[in-house]
Number of protein chains: 2
Amino acid sequence: MTPMERVEHAAKVNKTREAFTPFIESPSARHHPAGAREAGKARFDGLLGTSFHLNQPGESGRTGAETSPYTGESLGIDYPHCQVDALLEGVRDAWAPWKQARPSERVAVCADILEAWSQDVFANAYATMHTAGQAFMLSFAGSGASSLDRGLEALAAAHSAMADVPESTVFERRFGRGEPVVLHKRYRLVPVGIALVFSCGSYPAWNAYPAILANLATGNPVVLKPHPDTILPMAMAVKTARTVLANAGFNPNLLVLACDTWDAPVAEDILAHDDVAIVDFTGGQSYGRHLEKAYAHKQVYTETAGCNAVVIDSVDDVDAVCRALATGLSLFSAQMCTAPQNLWLSAAGVLTPEGRLSVDDFVTKLIAAIDALCTAHGPAVCGALHSARTVDDLRAAEQAGTVVRKSSSYDHPDFPGARTATPLLVRVDAAERAVVQREHFGPIGFILVAQDRDDALSKATSDARSFGAIASYAYTTDNTWMETVQDAFADAGASVGINLIRQAPMNFTAAFSDFHVTGLNPAGTACLTDAAFVARRFRIVQSKVEQPLHS
Amino acid sequence: MTPMERVEHAAKVNKTREAFTPFIESPSARHHPAGAREAGKARFDGLLGTSFHLNQPGESGRTGAETSPYTGESLGIDYPHCQVDALLEGVRDAWAPWKQARPSERVAVCADILEAWSQDVFANAYATMHTAGQAFMLSFAGSGASSLDRGLEALAAAHSAMADVPESTVFERRFGRGEPVVLHKRYRLVPVGIALVFSCGSYPAWNAYPAILANLATGNPVVLKPHPDTILPMAMAVKTARTVLANAGFNPNLLVLACDTWDAPVAEDILAHDDVAIVDFTGGQSYGRHLEKAYAHKQVYTETAGCNAVVIDSVDDVDAVCRALATGLSLFSAQMCTAPQNLWLSAAGVLTPEGRLSVDDFVTKLIAAIDALCTAHGPAVCGALHSARTVDDLRAAEQAGTVVRKSSSYDHPDFPGARTATPLLVRVDAAERAVVQREHFGPIGFILVAQDRDDALSKATSDARSFGAIASYAYTTDNTWMETVQDAFADAGASVGINLIRQAPMNFTAAFSDFHVTGLNPAGTACLTDAAFVARRFRIVQSKVEQPLHS
């Protein structure tokens, strides 16, 4: 498929929501040109300890202080620090030809950007690994292919929304007696302003690609503000995209990188500009809420966090379920917005074909599954902890209840200095569960015991409604109760996945098929990728000209 | 066409923007069943001096103080005054089955509402005439057919947006080795909350119908707050729709009327409720801006007002242009959001096939056209002034510059007490034109003379950008400059109609074809009817269930 054929096909699949995997998910050598992985690794290595140049306006110094979660060492890369007013002035100067380009031309350039990103996926995977902390496999498949998928999905959604408005029409009707009046109408799709896109520290591409492409396709220039600890993969993506823009004859300042540090954040300075009309944010709930409130007069699209629940009622294969849960709790050390956190059980335990398994026995099996997984595949599954603060959170969470599985670091064969942790499991009293009513960013799971399954469902959905949930899960073999579960989560404005065992990992989210974030609970306002995500990024200005009667 | 066939056809035309006029625009007897007009008139007459009952929750008294702009007399109709908390409680109680109904079922009920409204169009026209002040013909064609068209357009847009999301899908893909995994996914479209719809005093149905139907179709209950001077046509529409809802097996409190008075407004009390999530407002710019700012955390859709300009450069038939302008300035006494207000001329005058016509000569011709129109057709064209305040505004505007045509009342043959006025024309210095940089609601036109056509275009578009414009106009026979005009208005975020002569009236706006309001200038945020108008009124909650391996 050509890049544009990919967009056209994605636009169709967006409306059927069937499976579609246009980008290669496996890093295996047989799917790639000879030496692709090695070349990507070499490219990443070559960037270490160098200055990353973007040739952006307003550069007033250098910044950047990334440390690899695997080596504990600085990447030694510095990035442009740009004076905000001058940077935005440069963005504004770049805008007019892009704004005036036909939507289909912009979509085609965006399709080429996506294609260029897909060519750089090995190098970007290493960059993601050594900033976000993902294991290589996830950084390739998740921050690579799945994020490209999500970017394509958003691009296709923008394409569909724009293509639904014709460029022109001939309007003919009679007004009273006499010959029909002919009006030649033209509809221009006009972008609304500069977009500030925040990429997050742990999984930057997955939300940044859709936001960048939805904005660019609809004509809005983008300022990308990466998380200060995870700049490199975004800097690489921005540089690649700027080259594509320039090669297409446009000013590359349609997409700029605004780096900052923890000590000197730049976002609020950027947001103070009235022509920054769009905010796309992925990150913590408190800053996300601040953006939603303080900038409500702009378009604010957020994905933040919630307290994802799993309600476990009954299972066909308890070991398979425990393996699925172990993976969900361990994958990338649960530093994913879809990772399960609050495991709800009935006091009577879990129903299995062999009879009821008590809570304690179920937890024992779950612990065994986690132990087995982390022992056999710790480095590949858990990756590293993105932030040193997660180590503190783990210590704090141990005090929240009864620890049933301690977290410990595991030894990484390639990176002895890696910041690692296996899942902590803490049993918390369901009646005093304030501690579980927020996201714990890291490998922290809570065991919560309710009176019965309906009580578990009621408490899990109540928490989703009040505190947010991005993904929720349930296991039940009772088809009638399965309907109850779906209704209850829907009523709480939360999506739910049921009996996910062979879908691996359980928290896999498929672009083109799974809608991500509902906007109906406190875990964010933006859904990847529905019409609402794209429809307001452009407005329609029309002109109509009456044809002279005898022309 | 059945009501649903009409929706399906409208959904197609929404994307071609061609002419489509499904509802009958002419009140002529040959298009309607025998006696339809007389029956409508009798129905209206029968409502005068009575209590209008809606059987709504929380009724705590009676309200209503409407006066006919034609007779100067009270309509003598009282309406329920409902205690806000109890009214909203009733709305909430009605919600669940509507929320859970399939989108296609809700759309079908909405199509039936539209059909029921169309059956009551004569009575509603008289109600509109004697509250808004429209002449009968406009109240039938504009508040009748054209408003029904606009309602259908919005309903069809909501239908399309919802139909783009499948109810379910079967997702099948391989995760690693082994047999493919099959997931049964279900996508529920969930409404976001109660909508408060404000209808305006002068042209209530045109925005209320689209807002009511876009909200109901997407599952959101509606509280309709009519302008205190124009309750009756909305009360009738609400009553009709409530009957349709009840006949379809739903609780009629999905649509309620919240009447108020100038002295005791209820809107802010309603807006204080968190579950009022949507605001649709049509009315004045200052209250509209207040809503946009104070309730930015809700979805706020506004259409307010601007200072609509006409740039007159060159014409083929100066008399025809003057007749078109005379109609635009006179129709419903320019109490329409699309009425022209600021007439921009070059100092050198207007180019015609017979040579240049000086500004004074052009104005003389325009005055003659207005005089002729108002003398011949005053009652049918001008209708009545909705508000007594407009009389004050006319007196004030006389002081704004040099009066070139005085406004006077005209004698209405049927209603000697009618509040009427023919257009006032005032010449204002273009350099000191603050007075023209806002909407003057009523038959007030300003003559502004610029250095040349580019100066005129520049000033007109600058005012549109800074102060708003809902409709803008230009007359030019220069095809090259016509492109400049279209670019300049587009750059100001304003739609423009060029050389509108035989399209009658010049400020006619066609549902399914003309996009109304751009959202890019201060005249409002909502466009009738684009995807952005409907896409956020619902959100998507999904559930997915993994199929057991051997089932």
# chains A, B, ... in the order shown; residues from 1 in each chain; ligands from 1
$ residues_around --residues "Gly401 in chain A" --least-positions-apart "5" --cutoff "10 Å" --atoms "only C-alpha atoms" --output "list in words"
Leu425, Val426, Arg427, Val428, Asp429, Glu432, Arg433, Val435, Phe446 and Ile447 of chain A
$ write_last_selection --atoms "C-alpha atoms" --output "CSV table (one decimal), in the first residue's frame"
chain,number,residue,atom,x,y,z
A,425,LEU,CA,0.3,-6.6,45.6
A,426,VAL,CA,-1.4,-5.0,48.6
A,427,ARG,CA,-4.7,-6.1,50.1
A,428,VAL,CA,-6.8,-3.1,51.1
A,429,ASP,CA,-10.0,-3.0,53.0
A,432,GLU,CA,-11.5,2.3,53.4
A,433,ARG,CA,-10.0,2.3,50.0
A,435,VAL,CA,-5.7,4.9,48.4
A,446,PHE,CA,-4.5,-3.8,45.0
A,447,ILE,CA,-6.6,-6.8,46.2
$ interface_residues --of "chain B" --to "chain A" --cutoff "6 Å" --atoms "only C-alpha atoms" --output "tab-separated table (two decimals) with C-alpha atoms, in the first residue's frame"
chain	number	residue	atom	x	y	z
B	15	LYS	CA	-22.52	16.00	1.99
B	18	GLU	CA	-27.06	20.77	-3.20
B	19	ALA	CA	-30.54	22.28	-3.10
B	164	ASP	CA	-20.45	6.12	11.47
B	165	VAL	CA	-19.90	4.11	14.65
B	171	PHE	CA	-12.56	-8.41	15.77
B	296	ALA	CA	-16.68	27.12	29.06
B	297	HIS	CA	-16.47	23.84	30.99
B	495	SER	CA	-18.67	33.73	4.87
B	496	VAL	CA	-19.56	35.93	1.92
B	497	GLY	CA	-22.28	36.00	-0.73
B	498	ILE	CA	-21.44	37.72	-4.01
B	499	ASN	CA	-23.73	39.29	-6.59
B	500	LEU	CA	-26.87	37.98	-4.92
B	518	THR	CA	-18.20	29.99	11.05
B	531	ALA	CA	-19.95	17.61	12.19
B	532	ALA	CA	-18.64	19.73	15.07
B	535	ALA	CA	-20.03	15.02	17.19
B	536	ARG	CA	-19.47	15.96	20.83
B	540	ILE	CA	-18.52	6.21	22.87
B	541	VAL	CA	-18.30	3.51	25.51
B	542	GLN	CA	-17.18	0.14	24.32
B	543	SER	CA	-17.19	-3.34	25.72
B	544	LYS	CA	-15.37	-6.29	24.29
B	545	VAL	CA	-15.79	-9.94	25.16
B	546	GLU	CA	-13.26	-12.56	24.20
$ closest_residue --among "A:Ala116, A:Lys459, A:Met129, A:Val350" --to "Thr243 in chain A" --atoms "only C-alpha atoms"
A:Ala116
$ residues_around --residues "range 3-5 of chain A" --least-positions-apart "3" --cutoff "12 Å" --atoms "only C-alpha atoms" --output "list in words"
Glu8, His9, Ala10, Ala11, Lys12, Pro22, Phe23, Ser104, Glu105, Arg106, Val107, Ala108, Val109, Cys110, Ala111, Asp112, Ile113, Leu114, Glu115, Ala116, Trp117, Ser118, Leu148, Leu152, Leu155, Ala156 and His159 of chain A
$ write_last_selection --atoms "N, CA and C atoms" --output "PDB file, in the first residue's frame"
ATOM      1  N   GLU A   8      -6.678   5.808   3.012  1.00  0.00           N
ATOM      2  CA  GLU A   8      -8.014   5.518   2.487  1.00  0.00           C
ATOM      3  C   GLU A   8      -8.570   4.229   3.098  1.00  0.00           C
ATOM      4  N   HIS A   9      -7.700   3.224   3.210  1.00  0.00           N
ATOM      5  CA  HIS A   9      -8.170   1.970   3.796  1.00  0.00           C
ATOM      6  C   HIS A   9      -8.501   2.164   5.278  1.00  0.00           C
ATOM      7  N   ALA A  10      -7.654   2.901   5.969  1.00  0.00           N
ATOM      8  CA  ALA A  10      -7.902   3.168   7.391  1.00  0.00           C
ATOM      9  C   ALA A  10      -9.234   3.895   7.578  1.00  0.00           C
ATOM     10  N   ALA A  11      -9.547   4.806   6.673  1.00  0.00           N
ATOM     11  CA  ALA A  11     -10.810   5.551   6.793  1.00  0.00           C
ATOM     12  C   ALA A  11     -11.996   4.600   6.726  1.00  0.00           C
ATOM     13  N   LYS A  12     -11.861   3.543   5.907  1.00  0.00           N
ATOM     14  CA  LYS A  12     -12.948   2.555   5.840  1.00  0.00           C
ATOM     15  C   LYS A  12     -13.010   1.730   7.122  1.00  0.00           C
ATOM     16  N   PRO A  22      -1.504  -2.240   9.719  1.00  0.00           N
ATOM     17  CA  PRO A  22      -0.691  -1.888   8.549  1.00  0.00           C
ATOM     18  C   PRO A  22       0.798  -1.801   8.828  1.00  0.00           C
ATOM     19  N   PHE A  23       1.197  -1.583  10.058  1.00  0.00           N
ATOM     20  CA  PHE A  23       2.626  -1.449  10.333  1.00  0.00           C
ATOM     21  C   PHE A  23       3.163  -2.718  11.004  1.00  0.00           C
ATOM     22  N   SER A 104      -6.698  17.666   1.031  1.00  0.00           N
ATOM     23  CA  SER A 104      -6.165  16.398   0.529  1.00  0.00           C
ATOM     24  C   SER A 104      -4.648  16.466   0.377  1.00  0.00           C
ATOM     25  N   GLU A 105      -4.128  17.651   0.068  1.00  0.00           N
ATOM     26  CA  GLU A 105      -2.674  17.794  -0.034  1.00  0.00           C
ATOM     27  C   GLU A 105      -2.029  17.658   1.350  1.00  0.00           C
ATOM     28  N   ARG A 106      -2.657  18.286   2.333  1.00  0.00           N
ATOM     29  CA  ARG A 106      -2.117  18.174   3.700  1.00  0.00           C
ATOM     30  C   ARG A 106      -2.159  16.729   4.187  1.00  0.00           C
ATOM     31  N   VAL A 107      -3.264  16.045   3.890  1.00  0.00           N
ATOM     32  CA  VAL A 107      -3.375  14.648   4.321  1.00  0.00           C
ATOM     33  C   VAL A 107      -2.275  13.817   3.664  1.00  0.00           C
ATOM     34  N   ALA A 108      -1.998  14.081   2.413  1.00  0.00           N
ATOM     35  CA  ALA A 108      -0.959  13.319   1.708  1.00  0.00           C
ATOM     36  C   ALA A 108       0.415  13.561   2.332  1.00  0.00           C
ATOM     37  N   VAL A 109       0.704  14.793   2.701  1.00  0.00           N
ATOM     38  CA  VAL A 109       1.982  15.078   3.356  1.00  0.00           C
ATOM     39  C   VAL A 109       2.039  14.359   4.703  1.00  0.00           C
ATOM     40  N   CYS A 110       0.924  14.375   5.431  1.00  0.00           N
ATOM     41  CA  CYS A 110       0.886  13.672   6.724  1.00  0.00           C
ATOM     42  C   CYS A 110       1.082  12.164   6.540  1.00  0.00           C
ATOM     43  N   ALA A 111       0.518  11.621   5.470  1.00  0.00           N
ATOM     44  CA  ALA A 111       0.715  10.193   5.195  1.00  0.00           C
ATOM     45  C   ALA A 111       2.196   9.904   4.949  1.00  0.00           C
ATOM     46  N   ASP A 112       2.875  10.854   4.306  1.00  0.00           N
ATOM     47  CA  ASP A 112       4.315  10.691   4.078  1.00  0.00           C
ATOM     48  C   ASP A 112       5.104  10.812   5.385  1.00  0.00           C
ATOM     49  N   ILE A 113       4.641  11.663   6.276  1.00  0.00           N
ATOM     50  CA  ILE A 113       5.295  11.766   7.587  1.00  0.00           C
ATOM     51  C   ILE A 113       5.213  10.426   8.309  1.00  0.00           C
ATOM     52  N   LEU A 114       4.031   9.852   8.273  1.00  0.00           N
ATOM     53  CA  LEU A 114       3.822   8.559   8.925  1.00  0.00           C
ATOM     54  C   LEU A 114       4.747   7.501   8.315  1.00  0.00           C
ATOM     55  N   GLU A 115       4.833   7.521   7.013  1.00  0.00           N
ATOM     56  CA  GLU A 115       5.708   6.577   6.323  1.00  0.00           C
ATOM     57  C   GLU A 115       7.168   6.794   6.740  1.00  0.00           C
ATOM     58  N   ALA A 116       7.567   8.045   6.836  1.00  0.00           N
ATOM     59  CA  ALA A 116       8.952   8.335   7.233  1.00  0.00           C
ATOM     60  C   ALA A 116       9.209   7.886   8.673  1.00  0.00           C
ATOM     61  N   TRP A 117       8.241   8.120   9.554  1.00  0.00           N
ATOM     62  CA  TRP A 117       8.391   7.632  10.933  1.00  0.00           C
ATOM     63  C   TRP A 117       8.560   6.109  10.949  1.00  0.00           C
ATOM     64  N   SER A 118       7.764   5.440  10.092  1.00  0.00           N
ATOM     65  CA  SER A 118       7.809   3.972  10.104  1.00  0.00           C
ATOM     66  C   SER A 118       9.158   3.448   9.617  1.00  0.00           C
ATOM     67  N   LEU A 148       2.059   4.110  15.402  1.00  0.00           N
ATOM     68  CA  LEU A 148       1.863   4.495  14.001  1.00  0.00           C
ATOM     69  C   LEU A 148       0.428   4.205  13.574  1.00  0.00           C
ATOM     70  N   LEU A 152      -2.204   6.842  12.208  1.00  0.00           N
ATOM     71  CA  LEU A 152      -2.919   6.651  10.943  1.00  0.00           C
ATOM     72  C   LEU A 152      -4.422   6.741  11.159  1.00  0.00           C
ATOM     73  N   LEU A 155      -5.310  10.341  11.517  1.00  0.00           N
ATOM     74  CA  LEU A 155      -5.171  10.995  10.214  1.00  0.00           C
ATOM     75  C   LEU A 155      -6.351  10.641   9.316  1.00  0.00           C
ATOM     76  N   ALA A 156      -6.719   9.367   9.322  1.00  0.00           N
ATOM     77  CA  ALA A 156      -7.846   8.922   8.498  1.00  0.00           C
ATOM     78  C   ALA A 156      -9.152   9.541   8.981  1.00  0.00           C
ATOM     79  N   HIS A 159      -9.157  13.012   7.740  1.00  0.00           N
ATOM     80  CA  HIS A 159      -9.403  12.943   6.296  1.00  0.00           C
ATOM     81  C   HIS A 159     -10.893  12.753   6.020  1.00  0.00           C
TER      82      HIS A 159
END
$ select_by_dssp --residues "range 253-434 of chain A" --states "helix (DSSP H, G or I)" --output "NGL selection string"
:A and (253-254 or 267-271 or 285-294 or 318-334 or 359-382 or 389-400 or 430-432 or 434)
$ select_by_dssp --residues "range 44-111 of chain A" --states "strand (DSSP E)" --output "MDAnalysis selection string"
chainID A and resid 59:63 79:82
$ closest_residue --among "A:Arg453, A:His227, A:Arg395, A:His273" --to "Ala65 in chain A" --atoms "only C-alpha atoms"
A:His227
$ closest_residue --among "B:Ala368, B:Leu54, B:Met336, B:Val404" --to "Arg323 in chain B" --atoms "only C-alpha atoms"
B:Ala368
$ closest_residue --among "A:Thr131, A:Thr352, A:Ser458, A:Ser60" --to "Asp85 in chain A" --atoms "only C-alpha atoms"
A:Ser60
$ residues_around --residues "Val197 in chain A" --least-positions-apart "2" --cutoff "12 Å" --atoms "only C-alpha atoms" --output "PyMOL selection string"
chain A and resi 194-195+199-200+204-205+207-216+220-227+234+238+255-259+267+270-271+276-283+299-303
$ residues_around --residues "Tyr70 in chain A" --least-positions-apart "3" --cutoff "12 Å" --atoms "only C-alpha atoms" --output "NGL selection string"
:A and (66-67 or 73-75 or 126-136 or 379 or 382-388 or 411-420)
$ residues_around --residues "Ile77 in chain B" --least-positions-apart "4" --cutoff "9 Å" --atoms "only C-alpha atoms" --output "ChimeraX atom specification"
/B:47-52,63-66,232
$ closest_residue --among "A:Leu254, A:Ala326, A:Leu394, A:Leu331" --to "Arg92 in chain A" --atoms "only C-alpha atoms"
A:Leu254
$ atom_distance --atom1 "CA of Ala347 in chain B" --atom2 "CA of Val363 in chain B"
12.4 Å
$ closest_residue --among "A:Asp149, A:Asp371, A:Asp452, A:Glu439" --to "Ala511 in chain A" --atoms "only C-alpha atoms"
A:Asp149
$ decode --residues "range 172-206 of chain A" --atoms "N, CA and C atoms" --output "mmCIF file, in the first residue's frame"
data_model
loop_
_atom_site.group_PDB
_atom_site.id
_atom_site.type_symbol
_atom_site.label_atom_id
_atom_site.label_comp_id
_atom_site.auth_asym_id
_atom_site.auth_seq_id
_atom_site.Cartn_x
_atom_site.Cartn_y
_atom_site.Cartn_z
ATOM 1 N N GLU A 172 -28.753 25.025 -7.324
ATOM 2 C CA GLU A 172 -29.702 25.525 -8.323
ATOM 3 C C GLU A 172 -31.108 25.375 -7.784
ATOM 4 N N ARG A 173 -31.817 26.453 -7.685
ATOM 5 C CA ARG A 173 -33.235 26.371 -7.336
ATOM 6 C C ARG A 173 -33.956 27.624 -7.810
ATOM 7 N N ARG A 174 -35.249 27.496 -7.849
ATOM 8 C CA ARG A 174 -36.108 28.580 -8.273
ATOM 9 C C ARG A 174 -36.490 29.419 -7.060
ATOM 10 N N PHE A 175 -36.407 30.719 -7.205
ATOM 11 C CA PHE A 175 -36.977 31.595 -6.179
ATOM 12 C C PHE A 175 -38.158 32.294 -6.835
ATOM 13 N N GLY A 176 -39.335 31.885 -6.481
ATOM 14 C CA GLY A 176 -40.525 32.431 -7.127
ATOM 15 C C GLY A 176 -40.578 31.978 -8.576
ATOM 16 N N ARG A 177 -41.141 32.831 -9.432
ATOM 17 C CA ARG A 177 -41.257 32.467 -10.846
ATOM 18 C C ARG A 177 -39.927 32.766 -11.554
ATOM 19 N N GLY A 178 -39.833 32.421 -12.792
ATOM 20 C CA GLY A 178 -38.642 32.733 -13.568
ATOM 21 C C GLY A 178 -37.669 31.573 -13.575
ATOM 22 N N GLU A 179 -36.550 31.815 -14.247
ATOM 23 C CA GLU A 179 -35.560 30.752 -14.385
ATOM 24 C C GLU A 179 -34.892 30.448 -13.051
ATOM 25 N N PRO A 180 -34.389 29.234 -12.889
ATOM 26 C CA PRO A 180 -33.697 28.888 -11.644
ATOM 27 C C PRO A 180 -32.477 29.785 -11.435
ATOM 28 N N VAL A 181 -32.176 29.997 -10.183
ATOM 29 C CA VAL A 181 -30.970 30.733 -9.813
ATOM 30 C C VAL A 181 -29.850 29.720 -9.604
ATOM 31 N N VAL A 182 -28.677 30.039 -10.131
ATOM 32 C CA VAL A 182 -27.521 29.158 -9.968
ATOM 33 C C VAL A 182 -26.484 29.868 -9.098
ATOM 34 N N LEU A 183 -26.115 29.218 -8.014
ATOM 35 C CA LEU A 183 -25.091 29.762 -7.116
ATOM 36 C C LEU A 183 -23.904 28.813 -7.106
ATOM 37 N N HIS A 184 -22.722 29.376 -7.309
ATOM 38 C CA HIS A 184 -21.506 28.573 -7.221
ATOM 39 C C HIS A 184 -20.955 28.748 -5.814
ATOM 40 N N LYS A 185 -20.989 27.664 -5.054
ATOM 41 C CA LYS A 185 -20.592 27.750 -3.647
ATOM 42 C C LYS A 185 -19.253 27.059 -3.437
ATOM 43 N N ARG A 186 -18.454 27.666 -2.614
ATOM 44 C CA ARG A 186 -17.146 27.113 -2.287
ATOM 45 C C ARG A 186 -17.066 27.009 -0.769
ATOM 46 N N TYR A 187 -16.551 25.893 -0.280
ATOM 47 C CA TYR A 187 -16.433 25.682 1.165
ATOM 48 C C TYR A 187 -14.958 25.530 1.521
ATOM 49 N N ARG A 188 -14.461 26.450 2.306
ATOM 50 C CA ARG A 188 -13.059 26.349 2.717
ATOM 51 C C ARG A 188 -13.001 25.824 4.148
ATOM 52 N N LEU A 189 -12.094 24.884 4.356
ATOM 53 C CA LEU A 189 -11.892 24.353 5.701
ATOM 54 C C LEU A 189 -10.739 25.133 6.314
ATOM 55 N N VAL A 190 -11.013 25.811 7.397
ATOM 56 C CA VAL A 190 -10.047 26.744 7.969
ATOM 57 C C VAL A 190 -9.582 26.230 9.328
ATOM 58 N N PRO A 191 -8.281 26.093 9.499
ATOM 59 C CA PRO A 191 -7.773 25.642 10.805
ATOM 60 C C PRO A 191 -8.038 26.697 11.876
ATOM 61 N N VAL A 192 -8.003 26.258 13.135
ATOM 62 C CA VAL A 192 -8.404 27.174 14.206
ATOM 63 C C VAL A 192 -7.241 27.843 14.926
ATOM 64 N N GLY A 193 -6.048 27.266 14.857
ATOM 65 C CA GLY A 193 -4.933 27.919 15.540
ATOM 66 C C GLY A 193 -3.799 26.958 15.827
ATOM 67 N N ILE A 194 -2.827 27.471 16.528
ATOM 68 C CA ILE A 194 -1.667 26.649 16.875
ATOM 69 C C ILE A 194 -2.071 25.632 17.938
ATOM 70 N N ALA A 195 -1.556 24.409 17.807
ATOM 71 C CA ALA A 195 -1.827 23.364 18.797
ATOM 72 C C ALA A 195 -0.586 23.124 19.647
ATOM 73 N N LEU A 196 -0.804 23.053 20.944
ATOM 74 C CA LEU A 196 0.270 22.632 21.852
ATOM 75 C C LEU A 196 0.007 21.178 22.207
ATOM 76 N N VAL A 197 0.913 20.309 21.810
ATOM 77 C CA VAL A 197 0.771 18.878 22.080
ATOM 78 C C VAL A 197 1.787 18.493 23.155
ATOM 79 N N PHE A 198 1.291 17.987 24.266
ATOM 80 C CA PHE A 198 2.168 17.476 25.334
ATOM 81 C C PHE A 198 2.335 15.976 25.110
ATOM 82 N N SER A 199 3.558 15.512 25.003
ATOM 83 C CA SER A 199 3.745 14.057 24.987
ATOM 84 C C SER A 199 4.199 13.608 26.363
ATOM 85 N N CYS A 200 3.804 12.409 26.731
ATOM 86 C CA CYS A 200 4.060 11.956 28.102
ATOM 87 C C CYS A 200 5.405 11.260 28.204
ATOM 88 N N GLY A 201 5.792 10.963 29.412
ATOM 89 C CA GLY A 201 7.131 10.430 29.648
ATOM 90 C C GLY A 201 7.286 8.961 29.359
ATOM 91 N N SER A 202 6.203 8.203 29.488
ATOM 92 C CA SER A 202 6.346 6.752 29.463
ATOM 93 C C SER A 202 5.978 6.126 28.125
ATOM 94 N N TYR A 203 5.111 6.790 27.373
ATOM 95 C CA TYR A 203 4.602 6.165 26.146
ATOM 96 C C TYR A 203 4.322 7.285 25.154
ATOM 97 N N PRO A 204 5.359 8.033 24.784
ATOM 98 C CA PRO A 204 5.119 9.326 24.124
ATOM 99 C C PRO A 204 4.429 9.252 22.764
ATOM 100 N N ALA A 205 4.797 8.276 21.947
ATOM 101 C CA ALA A 205 4.316 8.295 20.558
ATOM 102 C C ALA A 205 2.831 7.998 20.433
ATOM 103 N N TRP A 206 2.318 7.225 21.366
ATOM 104 C CA TRP A 206 0.969 6.677 21.205
ATOM 105 C C TRP A 206 -0.099 7.761 21.146
#
